[in-house]
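Text of model-v8.cif, listed as mmCIF, C-alpha atoms (C1' of nucleotides):
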```cif
data_input
#
loop_
_atom_site.label_atom_id
_atom_site.label_comp_id
_atom_site.auth_asym_id
_atom_site.auth_seq_id
_atom_site.Cartn_x
_atom_site.Cartn_y
_atom_site.Cartn_z
CA MET A 13 -3.85 -13.36 28.57
CA THR A 14 -1.13 -14.25 26.13
CA ARG A 15 1.47 -16.54 27.60
CA GLY A 16 4.84 -17.62 26.35
CA ARG A 17 7.56 -15.91 24.40
CA PRO A 18 6.37 -12.88 22.46
CA ILE A 19 7.18 -12.56 18.77
CA ALA A 20 10.39 -10.69 18.10
CA PHE A 21 9.40 -9.00 14.85
CA SER A 22 6.78 -6.55 13.67
CA PRO A 23 4.17 -8.41 11.60
CA ASP A 24 3.42 -5.12 9.85
CA GLN A 25 6.98 -4.56 8.78
CA ALA A 26 7.39 -8.22 7.84
CA THR A 27 4.30 -8.16 5.64
CA SER A 28 5.49 -4.98 3.99
CA ALA A 29 8.86 -6.51 3.27
CA ALA A 30 7.18 -9.55 1.76
CA MET A 31 5.01 -7.28 -0.33
CA GLN A 32 8.10 -5.66 -1.81
CA VAL A 33 9.52 -9.04 -2.74
CA PHE A 34 6.32 -10.24 -4.42
CA TRP A 35 6.09 -6.91 -6.16
CA ALA A 36 9.59 -7.07 -7.57
CA ARG A 37 9.77 -10.79 -8.35
CA GLY A 38 6.23 -12.04 -8.82
CA TYR A 39 4.42 -14.76 -6.92
CA ASP A 40 6.08 -17.88 -8.30
CA SER A 41 9.56 -16.44 -8.55
CA ALA A 42 9.61 -15.07 -5.04
CA SER A 43 11.32 -17.89 -3.15
CA THR A 44 10.84 -18.40 0.56
CA ARG A 45 14.56 -17.67 0.86
CA ASP A 46 14.03 -14.25 -0.77
CA LEU A 47 11.08 -13.57 1.48
CA LEU A 48 12.86 -14.66 4.66
CA ASP A 49 15.87 -12.49 3.88
CA ALA A 50 13.74 -9.43 3.19
CA MET A 51 11.46 -9.98 6.16
CA GLN A 52 14.44 -10.62 8.46
CA ILE A 53 12.73 -13.45 10.24
CA SER A 54 13.41 -17.15 10.49
CA ARG A 55 11.68 -19.83 8.51
CA SER A 56 9.84 -21.03 11.61
CA SER A 57 8.46 -17.59 12.26
CA LEU A 58 7.13 -17.28 8.75
CA TYR A 59 5.26 -20.56 8.86
CA GLN A 60 4.14 -19.91 12.44
CA ALA A 61 2.78 -16.47 11.57
CA TYR A 62 1.38 -16.97 8.08
CA GLY A 63 0.95 -20.71 7.53
CA ASN A 64 2.45 -20.84 4.06
CA LYS A 65 3.63 -18.83 1.11
CA GLU A 66 0.17 -18.46 -0.37
CA GLN A 67 -1.27 -17.00 2.84
CA LEU A 68 1.66 -14.64 3.09
CA PHE A 69 0.95 -13.51 -0.44
CA LEU A 70 -2.68 -12.88 0.44
CA GLU A 71 -1.62 -10.68 3.33
CA ALA A 72 0.90 -8.85 1.19
CA MET A 73 -1.63 -8.33 -1.56
CA ARG A 74 -4.26 -6.96 0.79
CA ARG A 75 -1.68 -4.65 2.26
CA TYR A 76 -0.73 -3.40 -1.17
CA ARG A 77 -4.31 -2.97 -2.25
CA ASP A 78 -5.36 -1.17 0.93
CA ASN A 79 -2.36 1.16 0.70
CA LEU A 80 -3.07 1.86 -2.94
CA LEU A 81 -6.74 2.58 -2.45
CA VAL A 82 -6.04 4.91 0.45
CA ARG A 83 -3.34 6.69 -1.49
CA LEU A 84 -5.61 7.10 -4.50
CA ALA A 85 -8.49 8.29 -2.34
CA LYS A 86 -6.29 10.99 -0.79
CA ARG A 87 -4.99 12.01 -4.15
CA SER A 88 -8.52 12.17 -5.46
CA GLU A 89 -9.59 14.44 -2.62
CA ALA A 90 -6.64 16.72 -3.21
CA ALA A 91 -7.36 16.99 -6.94
CA PRO A 92 -9.38 19.95 -8.27
CA SER A 93 -11.89 17.58 -9.85
CA ALA A 94 -12.53 13.89 -10.39
CA LEU A 95 -11.56 14.16 -14.03
CA ALA A 96 -8.39 16.03 -13.16
CA PHE A 97 -7.52 13.25 -10.74
CA ILE A 98 -7.84 10.63 -13.47
CA GLU A 99 -5.89 12.68 -15.96
CA GLY A 100 -3.15 13.40 -13.45
CA LEU A 101 -2.94 9.76 -12.46
CA PHE A 102 -2.47 8.54 -16.02
CA LEU A 103 -0.11 11.29 -17.08
CA ASP A 104 2.06 10.93 -14.00
CA THR A 105 2.19 7.19 -14.48
CA ALA A 106 3.19 7.63 -18.11
CA ALA A 107 5.89 10.05 -17.02
CA GLU A 108 7.52 7.21 -15.05
CA ALA A 109 8.74 5.71 -18.31
CA GLY A 110 12.35 4.65 -18.05
CA SER A 111 12.51 4.83 -14.26
CA GLU A 112 13.14 1.98 -11.86
CA ARG A 113 9.68 2.51 -10.51
CA ALA A 114 8.23 1.86 -13.95
CA ALA A 115 10.07 -1.45 -14.19
CA LEU A 116 8.41 -2.63 -10.98
CA GLY A 117 4.94 -2.06 -12.34
CA CYS A 118 1.96 -2.50 -10.04
CA LEU A 119 1.63 -5.59 -7.88
CA ILE A 120 -2.02 -5.94 -8.79
CA PHE A 121 -1.58 -5.80 -12.55
CA ASN A 122 1.57 -7.90 -12.28
CA SER A 123 -0.32 -10.57 -10.37
CA ALA A 124 -3.37 -10.40 -12.61
CA GLY A 125 -1.09 -11.09 -15.56
CA GLU A 126 0.92 -13.80 -13.87
CA LEU A 127 -1.86 -15.68 -12.13
CA GLY A 128 -4.58 -14.92 -14.66
CA GLN A 129 -7.33 -17.48 -14.59
CA ARG A 130 -5.34 -19.91 -12.45
CA GLU A 131 -7.15 -21.60 -9.62
CA GLY A 132 -6.32 -20.97 -5.99
CA LEU A 133 -6.53 -18.24 -3.43
CA ALA A 134 -3.68 -16.19 -4.84
CA ALA A 135 -5.30 -15.86 -8.25
CA GLU A 136 -8.67 -15.09 -6.69
CA GLU A 137 -7.15 -12.36 -4.58
CA ALA A 138 -5.50 -10.87 -7.66
CA ARG A 139 -8.84 -10.75 -9.46
CA ARG A 140 -10.48 -9.27 -6.40
CA SER A 141 -7.87 -6.55 -6.31
CA LEU A 142 -8.35 -5.73 -9.96
CA ASP A 143 -12.08 -5.51 -9.35
CA ALA A 144 -11.39 -3.15 -6.45
CA ILE A 145 -9.44 -0.88 -8.77
CA THR A 146 -12.28 -0.89 -11.28
CA ALA A 147 -14.74 -0.14 -8.48
CA LEU A 148 -12.67 2.83 -7.37
CA PHE A 149 -12.48 4.08 -10.94
CA GLN A 150 -16.23 3.78 -11.22
CA GLN A 151 -16.74 5.93 -8.14
CA VAL A 152 -14.47 8.55 -9.62
CA ILE A 153 -16.28 8.39 -12.95
CA VAL A 154 -19.62 8.90 -11.24
CA ALA A 155 -18.18 11.88 -9.41
CA ALA A 156 -16.88 13.34 -12.68
CA GLN A 157 -20.33 12.85 -14.16
CA ARG A 158 -21.91 14.67 -11.23
CA GLN A 159 -19.39 17.44 -11.72
CA GLY A 160 -20.40 17.71 -15.35
CA ASP A 161 -17.01 16.76 -16.80
CA ILE A 162 -18.20 13.47 -18.22
CA ASP A 163 -21.51 12.89 -19.95
CA ALA A 164 -23.85 11.42 -17.33
CA GLN A 165 -25.51 9.29 -19.98
CA ARG A 166 -22.39 7.17 -20.44
CA ASP A 167 -22.15 3.81 -18.69
CA SER A 168 -19.96 4.33 -15.63
CA LYS A 169 -19.12 0.63 -15.36
CA ALA A 170 -17.90 0.53 -18.94
CA LEU A 171 -15.91 3.70 -18.42
CA ALA A 172 -14.34 2.24 -15.29
CA THR A 173 -13.39 -0.91 -17.19
CA TYR A 174 -11.91 1.35 -19.85
CA LEU A 175 -9.73 3.01 -17.23
CA THR A 176 -8.60 -0.32 -15.80
CA MET A 177 -7.74 -1.49 -19.28
CA GLY A 178 -5.80 1.71 -19.90
CA MET A 179 -3.82 1.49 -16.69
CA ALA A 180 -3.06 -2.17 -17.34
CA GLY A 181 -1.82 -1.31 -20.82
CA LEU A 182 0.22 1.58 -19.53
CA ARG A 183 1.83 -0.62 -16.90
CA THR A 184 2.74 -3.25 -19.47
CA LEU A 185 4.16 -0.59 -21.75
CA LEU A 186 6.24 0.90 -18.96
CA LYS A 187 7.77 -2.48 -18.28
CA SER A 188 9.39 -2.77 -21.65
CA THR A 189 9.83 0.64 -23.18
CA GLN A 190 11.99 3.58 -22.17
CA ASP A 191 10.32 5.90 -24.65
CA ARG A 192 8.73 8.49 -22.42
CA ALA A 193 7.47 10.76 -25.19
CA ALA A 194 5.56 8.00 -26.96
CA THR A 195 4.20 6.70 -23.66
CA GLN A 196 2.96 10.10 -22.61
CA ALA A 197 1.43 10.73 -26.01
CA ALA A 198 -0.37 7.39 -25.80
CA ALA A 199 -1.70 8.22 -22.35
CA THR A 200 -2.95 11.57 -23.60
CA MET A 201 -4.80 9.93 -26.47
CA PHE A 202 -6.25 7.47 -24.04
CA LEU A 203 -7.67 10.25 -21.89
CA ALA A 204 -9.20 12.01 -24.88
CA SER A 205 -12.00 9.43 -25.01
CA LEU A 206 -13.27 10.55 -21.61
CA ARG A 207 -14.14 14.09 -22.58
CA MET B 3 27.24 -34.26 -46.45
CA THR B 4 25.55 -34.93 -43.13
CA ARG B 5 26.74 -38.06 -41.52
CA GLY B 6 25.42 -40.02 -38.56
CA ARG B 7 21.98 -40.75 -37.25
CA PRO B 8 19.35 -38.27 -38.40
CA ILE B 9 17.06 -36.60 -35.89
CA ALA B 10 13.84 -38.50 -35.31
CA PHE B 11 11.58 -35.53 -34.72
CA SER B 12 10.43 -32.49 -36.62
CA PRO B 13 12.17 -29.39 -35.22
CA ASP B 14 9.26 -27.35 -36.51
CA GLN B 15 6.69 -29.35 -34.63
CA ALA B 16 8.88 -29.51 -31.55
CA THR B 17 9.35 -25.75 -31.50
CA SER B 18 5.62 -25.25 -31.94
CA ALA B 19 4.89 -27.58 -29.07
CA ALA B 20 7.35 -25.69 -26.88
CA MET B 21 5.72 -22.44 -27.92
CA GLN B 22 2.38 -23.70 -26.66
CA VAL B 23 3.89 -24.60 -23.31
CA PHE B 24 5.57 -21.22 -22.84
CA TRP B 25 2.37 -19.57 -23.93
CA ALA B 26 0.23 -21.38 -21.42
CA ARG B 27 2.64 -21.46 -18.48
CA GLY B 28 5.08 -18.58 -18.91
CA TYR B 29 8.84 -18.71 -19.17
CA ASP B 30 9.83 -19.48 -15.59
CA SER B 31 6.99 -21.83 -14.86
CA ALA B 32 7.44 -23.92 -17.98
CA SER B 33 9.62 -26.75 -16.67
CA THR B 34 11.85 -28.77 -18.96
CA ARG B 35 9.67 -31.74 -18.01
CA ASP B 36 6.58 -29.91 -19.36
CA LEU B 37 8.46 -28.98 -22.50
CA LEU B 38 9.84 -32.46 -23.09
CA ASP B 39 6.43 -34.04 -22.66
CA ALA B 40 4.78 -31.62 -25.08
CA MET B 41 7.57 -31.80 -27.61
CA GLN B 42 7.67 -35.59 -27.41
CA ILE B 43 11.43 -35.72 -27.50
CA SER B 44 14.06 -36.84 -25.03
CA ARG B 45 16.05 -34.57 -22.81
CA SER B 46 19.19 -35.23 -24.82
CA SER B 47 17.49 -34.19 -28.02
CA LEU B 48 16.34 -30.94 -26.51
CA TYR B 49 19.77 -29.93 -25.31
CA GLN B 50 21.36 -31.22 -28.51
CA ALA B 51 19.00 -29.26 -30.72
CA TYR B 52 18.52 -26.04 -28.75
CA GLY B 53 21.34 -25.80 -26.24
CA ASN B 54 19.24 -24.83 -23.25
CA LYS B 55 15.85 -23.64 -22.10
CA GLU B 56 16.55 -20.00 -22.86
CA GLN B 57 17.51 -20.73 -26.48
CA LEU B 58 14.43 -22.88 -26.89
CA PHE B 59 12.37 -19.98 -25.63
CA LEU B 60 13.99 -17.66 -28.16
CA GLU B 61 13.07 -20.05 -30.97
CA ALA B 62 9.53 -20.41 -29.65
CA MET B 63 9.14 -16.68 -29.29
CA ARG B 64 10.37 -15.99 -32.81
CA ARG B 65 8.02 -18.62 -34.11
CA TYR B 66 5.11 -17.06 -32.28
CA ARG B 67 6.01 -13.57 -33.42
CA ASP B 68 6.51 -14.57 -37.05
CA ASN B 69 3.22 -16.47 -37.08
CA LEU B 70 1.43 -13.55 -35.49
CA LEU B 71 2.83 -10.96 -37.86
CA VAL B 72 1.99 -13.07 -40.89
CA ARG B 73 -1.51 -13.71 -39.61
CA LEU B 74 -2.05 -10.03 -38.92
CA ALA B 75 -0.66 -9.05 -42.31
CA LYS B 76 -3.08 -11.41 -44.05
CA ARG B 77 -5.96 -10.17 -41.99
CA SER B 78 -4.98 -6.63 -42.78
CA GLU B 79 -4.96 -7.34 -46.50
CA ALA B 80 -8.36 -8.97 -46.29
CA ALA B 81 -9.86 -6.04 -44.39
CA PRO B 82 -11.76 -3.32 -46.29
CA SER B 83 -9.42 -0.68 -44.86
CA ALA B 84 -6.53 -0.27 -42.46
CA LEU B 85 -8.79 1.34 -39.88
CA ALA B 86 -11.35 -1.43 -40.25
CA PHE B 87 -8.57 -3.94 -39.65
CA ILE B 88 -7.60 -2.26 -36.38
CA GLU B 89 -11.18 -1.94 -35.24
CA GLY B 90 -11.95 -5.55 -36.11
CA LEU B 91 -8.83 -6.75 -34.33
CA PHE B 92 -9.66 -5.00 -31.10
CA LEU B 93 -13.35 -5.82 -31.12
CA ASP B 94 -12.77 -9.48 -31.93
CA THR B 95 -10.18 -9.69 -29.20
CA ALA B 96 -12.56 -8.10 -26.71
CA ALA B 97 -15.22 -10.59 -27.76
CA GLU B 98 -12.98 -13.40 -26.52
CA ALA B 99 -13.83 -12.43 -22.94
CA GLY B 100 -14.62 -15.49 -20.87
CA SER B 101 -13.19 -17.98 -23.34
CA GLU B 102 -10.27 -20.31 -22.80
CA ARG B 103 -8.44 -18.46 -25.49
CA ALA B 104 -8.76 -15.25 -23.52
CA ALA B 105 -7.19 -16.89 -20.48
CA LEU B 106 -4.10 -17.79 -22.50
CA GLY B 107 -3.47 -14.22 -23.51
CA CYS B 108 -0.74 -13.43 -25.99
CA LEU B 109 2.74 -14.90 -25.56
CA ILE B 110 4.34 -11.55 -26.33
CA PHE B 111 2.37 -9.51 -23.82
CA ASN B 112 2.60 -12.34 -21.30
CA SER B 113 6.37 -12.41 -21.66
CA ALA B 114 6.72 -8.64 -21.63
CA GLY B 115 4.87 -8.61 -18.33
CA GLU B 116 6.73 -11.54 -16.82
CA LEU B 117 10.25 -10.71 -17.94
CA GLY B 118 9.85 -6.94 -17.97
CA GLN B 119 13.13 -5.18 -17.58
CA ARG B 120 14.99 -8.32 -16.56
CA GLU B 121 18.36 -8.93 -18.09
CA GLY B 122 19.06 -11.78 -20.45
CA LEU B 123 18.22 -12.91 -23.92
CA ALA B 124 14.68 -13.97 -23.10
CA ALA B 125 13.71 -10.54 -21.82
CA GLU B 126 15.40 -8.84 -24.75
CA GLU B 127 13.51 -11.03 -27.18
CA ALA B 128 10.25 -10.19 -25.43
CA ARG B 129 10.96 -6.48 -25.81
CA ARG B 130 11.94 -6.97 -29.42
CA SER B 131 8.66 -8.73 -30.09
CA LEU B 132 6.67 -5.95 -28.46
CA ASP B 133 8.53 -3.47 -30.61
CA ALA B 134 7.67 -5.56 -33.66
CA ILE B 135 4.00 -5.31 -32.79
CA THR B 136 4.26 -1.56 -32.41
CA ALA B 137 6.09 -1.35 -35.73
CA LEU B 138 3.31 -3.30 -37.43
CA PHE B 139 0.71 -1.06 -35.86
CA GLN B 140 2.60 1.96 -37.11
CA GLN B 141 2.54 0.64 -40.67
CA VAL B 142 -1.18 0.14 -40.41
CA ILE B 143 -1.66 3.61 -38.97
CA VAL B 144 0.27 5.14 -41.83
CA ALA B 145 -1.89 3.20 -44.28
CA ALA B 146 -5.04 4.46 -42.56
CA GLN B 147 -3.68 7.98 -42.79
CA ARG B 148 -3.05 7.53 -46.51
CA GLN B 149 -6.57 6.22 -46.85
CA GLY B 150 -7.90 9.32 -45.16
CA ASP B 151 -9.40 7.55 -42.16
CA ILE B 152 -6.93 9.00 -39.67
CA ASP B 153 -5.67 12.55 -39.65
CA ALA B 154 -2.30 12.51 -41.41
CA GLN B 155 -1.03 15.22 -39.07
CA ARG B 156 -1.09 12.89 -36.09
CA ASP B 157 2.12 11.22 -34.95
CA SER B 158 2.02 7.66 -36.29
CA LYS B 159 4.57 6.43 -33.74
CA ALA B 160 2.51 7.76 -30.86
CA LEU B 161 -0.65 6.26 -32.35
CA ALA B 162 1.10 2.91 -32.72
CA THR B 163 2.23 3.04 -29.10
CA TYR B 164 -1.35 3.85 -28.19
CA LEU B 165 -2.52 0.70 -29.97
CA THR B 166 0.12 -1.45 -28.28
CA MET B 167 -0.93 -0.02 -24.94
CA GLY B 168 -4.55 -0.76 -25.74
CA MET B 169 -3.93 -4.32 -26.77
CA ALA B 170 -1.78 -4.91 -23.70
CA GLY B 171 -4.53 -3.57 -21.49
CA LEU B 172 -7.15 -5.61 -23.26
CA ARG B 173 -5.09 -8.76 -22.83
CA THR B 174 -4.64 -8.12 -19.13
CA LEU B 175 -8.34 -7.46 -18.75
CA LEU B 176 -9.25 -10.66 -20.57
CA LYS B 177 -7.10 -12.64 -18.19
CA SER B 178 -9.11 -11.78 -15.15
CA THR B 179 -12.59 -10.77 -16.15
CA GLN B 180 -15.42 -12.72 -17.71
CA ASP B 181 -17.50 -9.61 -18.33
CA ARG B 182 -17.73 -9.52 -22.10
CA ALA B 183 -20.08 -6.54 -22.32
CA ALA B 184 -17.85 -4.27 -20.27
CA THR B 185 -14.76 -5.46 -22.14
CA GLN B 186 -16.32 -4.79 -25.51
CA ALA B 187 -17.56 -1.40 -24.39
CA ALA B 188 -14.06 -0.54 -23.18
CA ALA B 189 -12.55 -1.61 -26.51
CA THR B 190 -15.08 0.51 -28.37
CA MET B 191 -14.18 3.57 -26.31
CA PHE B 192 -10.57 2.86 -26.92
CA LEU B 193 -11.07 2.89 -30.68
CA ALA B 194 -13.00 6.16 -30.57
CA SER B 195 -9.76 8.09 -30.08
CA LEU B 196 -8.53 7.03 -33.49
CA ARG B 197 -11.25 8.71 -35.52
"C1'" DC C 16 12.03 -19.67 40.88
"C1'" DC C 17 9.07 -22.98 38.34
"C1'" DG C 18 6.29 -24.98 34.89
"C1'" DA C 19 3.37 -23.89 31.05
"C1'" DT C 20 3.35 -21.70 26.74
"C1'" DT C 21 4.94 -19.71 22.71
"C1'" DC C 22 8.58 -18.37 19.54
"C1'" DT C 23 12.84 -19.15 16.85
"C1'" DG C 24 17.27 -20.95 14.51
"C1'" DG C 25 18.49 -23.99 11.52
"C1'" DA C 26 18.93 -28.81 10.19
"C1'" DC C 27 16.26 -31.69 7.48
"C1'" DT C 28 12.86 -33.77 3.95
"C1'" DG C 29 11.32 -35.10 -0.36
"C1'" DA C 30 10.14 -33.01 -4.57
"C1'" DT C 31 11.58 -30.66 -8.51
"C1'" DC C 32 14.63 -27.73 -11.11
"C1'" DA C 33 17.96 -27.14 -15.36
"C1'" DA C 34 21.62 -29.35 -17.16
"C1'" DT C 35 25.26 -33.12 -17.95
"C1'" DC C 36 26.83 -37.54 -19.16
"C1'" DC C 37 27.33 -41.99 -21.02
"C1'" DA C 38 26.08 -46.18 -23.10
"C1'" DT C 39 23.56 -47.48 -26.98
"C1'" DA C 40 21.14 -46.89 -31.37
"C1'" DT C 41 21.04 -45.40 -36.01
"C1'" DT C 42 22.55 -43.58 -40.01
"C1'" DA C 43 26.10 -42.14 -44.08
"C1'" DC C 44 29.96 -43.06 -46.50
"C1'" DA C 45 33.92 -45.75 -47.89
"C1'" DT D 25 30.71 -54.64 -43.87
"C1'" DG D 26 33.20 -51.46 -41.07
"C1'" DT D 27 33.96 -46.97 -39.19
"C1'" DA D 28 33.02 -42.26 -38.25
"C1'" DA D 29 29.44 -39.27 -36.95
"C1'" DT D 30 25.35 -37.96 -34.86
"C1'" DA D 31 21.00 -38.82 -32.09
"C1'" DT D 32 18.70 -40.73 -28.22
"C1'" DG D 33 17.02 -42.72 -23.61
"C1'" DG D 34 17.52 -42.30 -19.18
"C1'" DA D 35 20.34 -42.22 -15.02
"C1'" DT D 36 22.57 -38.78 -12.57
"C1'" DT D 37 24.10 -34.29 -10.60
"C1'" DG D 38 23.99 -30.52 -7.58
"C1'" DA D 39 21.13 -26.66 -6.72
"C1'" DT D 40 16.95 -25.01 -5.08
"C1'" DC D 41 12.11 -25.36 -3.93
"C1'" DA D 42 8.22 -25.16 -0.15
"C1'" DG D 43 7.42 -26.97 3.99
"C1'" DT D 44 8.38 -29.77 8.61
"C1'" DC D 45 10.53 -30.64 12.82
"C1'" DC D 46 12.89 -30.31 17.05
"C1'" DA D 47 15.85 -28.57 20.48
"C1'" DG D 48 16.52 -24.53 22.86
"C1'" DA D 49 15.29 -19.70 24.09
"C1'" DA D 50 12.24 -16.33 26.03
"C1'" DT D 51 8.47 -14.86 28.55
"C1'" DC D 52 4.27 -15.56 31.07
"C1'" DG D 53 1.29 -16.56 35.48
"C1'" DG D 54 1.80 -18.28 39.87
#
```
So that I can check it, write out the structure of this file as structure tokens.
Amino acid sequence: MTRGRPIAFSPDQATSAAMQVFWARGYDSASTRDLLDAMQISRSSLYQAYGNKEQLFLEAMRRYRDNLLVRLAKRSEAAPSALAFIEGLFLDTAAEAGSERAALGCLIFNSAGELGQREGLAAEEARRSLDAITALFQQVIVAAQRQGDIDAQRDSKALATYLTMGMAGLRTLLKSTQDRAATQAAATMFLASLR
Amino acid sequence: MTRGRPIAFSPDQATSAAMQVFWARGYDSASTRDLLDAMQISRSSLYQAYGNKEQLFLEAMRRYRDNLLVRLAKRSEAAPSALAFIEGLFLDTAAEAGSERAALGCLIFNSAGELGQREGLAAEEARRSLDAITALFQQVIVAAQRQGDIDAQRDSKALATYLTMGMAGLRTLLKSTQDRAATQAAATMFLASLR
DNA sequence: CCGATTCTGGACTGATCAATCCATATTACA
DNA sequence: TGTAATATGGATTGATCAGTCCAGAATCGG
């Protein structure tokens, strides 16, 4: 079916490399030069395969989001309970304080902050991703309510928003403080409201 | 004493105008063209008066921070109690959901997110400003403890970090959601941990 | 092996970036 | 009024930006 010269790079690997660049540098600050170097492809190939920088970002963002959701789902399954999953997630994230990983933050929260209410596909995708995180949190909250760890009378949507807010705050904190003790204490206080 | 032609613009007003631009567009994305237009001065005047874009940002950031701290201090004095001040601050901020003001965010949290652990004076100033917010929160916490509204045994530094985390999360949330009810509910849950 | 098809390296484009520079304007002081 | 000092407008610089283009390379079906 397909005729002509086949592409000489793995689109999967290229998208992942681009994702790393957007993650570390942000949407605006990631130059096509940075992206090309990381993806190890030529300029022509990038524009041939993705169209433009914005489309590449959309792909990278979806990749990140899908990876994240799968990873969280697995972690959730492995956890002894839905509430334990949430608590572990926040405490482990807080424990990253001072590490290189903490400085990177999360591509979704980074992008939500950078692109905010801007117009355009990139900003929309960032909002969509944030909504996806809230939706996942809501599922977990409902599960915790079924398991009797969280009062079933409480509004699961509001609780999910609370978790998204907490993770966003934690991520921002991790970006500029090295104080692990204070960060972990803050995360612990945050979780107290769930019980 | 001073000889030669006097400057034809108000440095105060110019710095404030620059502050608005950095606030709305972020550090990297604020071009000198944007700044010049808003400040209503010529390129020469900018470089004469501030040296470069980074120094201008430092001035703008200090201005923003000083304004904010003064405003918060006044608001704190006017509040019936330290705890009421904190609660009012968070609830009023949450109530901004969907407004243009909410989309702007806070220059300090915006910059902390954008500049993160980057090197350079701009990033350092952003971290300093975040620390200043935490320091102010800590003062208020201590006051609330004296007033008997918060258990005096609790670590005021950790509580202050908790508040900074909460405000950072709230600001991120406000940037990408229009859902005021969920945002306000999340803020209310957040405050519950203080009591 | 040939022609059609697709991919790729890298030169190129025009826009924009932060910053510099210089001629001119405007003031203070003598 | 003249001179030193400082400010200003705007042209200019060289780097970098996202994106285009084209010549050549690679692979296909026949």
Inset, instruction - Report as a PyMOL selection string the residues that result from applying the PyMOL selection byres ((chain B) within 7 of (chain D)) to the structure here. - result: chain B and resi 5-9+44+46-47
Inset, instruction - Starting from chain C, keep only residues with some atom at most 10 Å from an atom of chain B, counting only C-alpha atoms (C1' of nucleotides), and report them as a list in words. - result: DT31, DC32, DA33, DA34, DT35, DC36, DA40, DT41, DT42, DA43 and DC44 of chain C
Tell me, counting all atoms listed in the file, for each residue of chain A within 6 Å of chain B, which pair of atoms is nearest and how far apart they are in Å to one decimal, in rows ordered by chain and increasing number, as CSV.
```
residue,atom,partner,partner_atom,distance
A:Ala115,CA,B:Gln119,CA,5.9
A:Gly125,CA,B:Thr174,CA,5.8
A:Gly128,CA,B:Lys177,CA,4.9
A:Gln129,CA,B:Ala105,CA,5.9
A:Arg139,CA,B:Ser178,CA,5.8
A:Ala170,CA,B:Ala184,CA,5.0
A:Tyr174,CA,B:Ala188,CA,4.4
A:Met177,CA,B:Gly171,CA,4.4
A:Gly178,CA,B:Gly171,CA,5.7
A:Ala180,CA,B:Gly171,CA,4.6
A:Gly181,CA,B:Gly171,CA,3.6
A:Leu182,CA,B:Met167,CA,5.8
A:Thr184,CA,B:Gly115,CA,5.9
A:Lys187,CA,B:Gly118,CA,4.9
A:Ser188,CA,B:Gly118,CA,5.6
A:Ala194,CA,B:Ala160,CA,5.0
A:Ala197,CA,B:Ala160,CA,5.8
A:Ala198,CA,B:Tyr164,CA,4.4
A:Ser205,CA,B:Ser195,CA,5.7
```
Inset, instruction - Please give the root-mean-square deviation of the Cα atoms once chain A has been least-squares fitted onto chain B, pairing every Cα in order. - result: 0.1 Å
Inset, instruction - Figure out the distance between atom CA of Ala80 of chain B and atom CA of Asp151 of chain B, please, to one decimal in Å. - result: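 One can read the atom CA of Asp151 of chain B to atom CA of Ala80 of chain B distance as 17.1 Å.
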Inset, instruction - Check which residues satisfy the PyMOL selection byres ((chain B and resi 97) around 8) in the file shown, then give them as JSON, numbers by chain. - result: {"B": [93, 94, 95, 96, 98, 99, 182, 185, 186]}
Inset, instruction - Please evaluate the PyMOL selection byres ((chain A and resi 70) around 10) against the displayed coordinates and give the resulting residues as a list of chain:residue names. - result: A:Thr27, A:Met31, A:Tyr62, A:Lys65, A:Glu66, A:Gln67, A:Leu68, A:Phe69, A:Glu71, A:Ala72, A:Met73, A:Arg74, A:Arg75, A:Tyr76, A:Leu133, A:Ala134, A:Ala135, A:Glu136, A:Glu137, A:Ala138
Inset, instruction - Grab the atom CA of Ala19 of chain B to atom CA of Ala32 of chain B distance for me, in Å with one decimal place. - result: 12.0 Å
Legend entry - Two-atom distance - atom CA of Val144 of chain B, atom CA of Glu99 of chain A (Å):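 Interatomic distance, atom CA of Val144 of chain B to atom CA of Glu99 of chain A: 27.6 Å.
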Inset, instruction - Check the smallest atom-to-atom distance from each of B:Gly90, B:Pro13, B:Gly150, B:Pro82 to Ala51 of chain B using all atoms listed in the file, then report the winner. - result: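 Nearest candidate to Ala51 of chain B out of B:Gly90, B:Pro13, B:Gly150, B:Pro82: B:Pro13.
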Legend entry - Top pick for closest residue to Ile110 of chain B, considering B:Ala86, B:Leu70, B:Leu91, B:Ala145 and counting only C-alpha atoms: B:Leu70
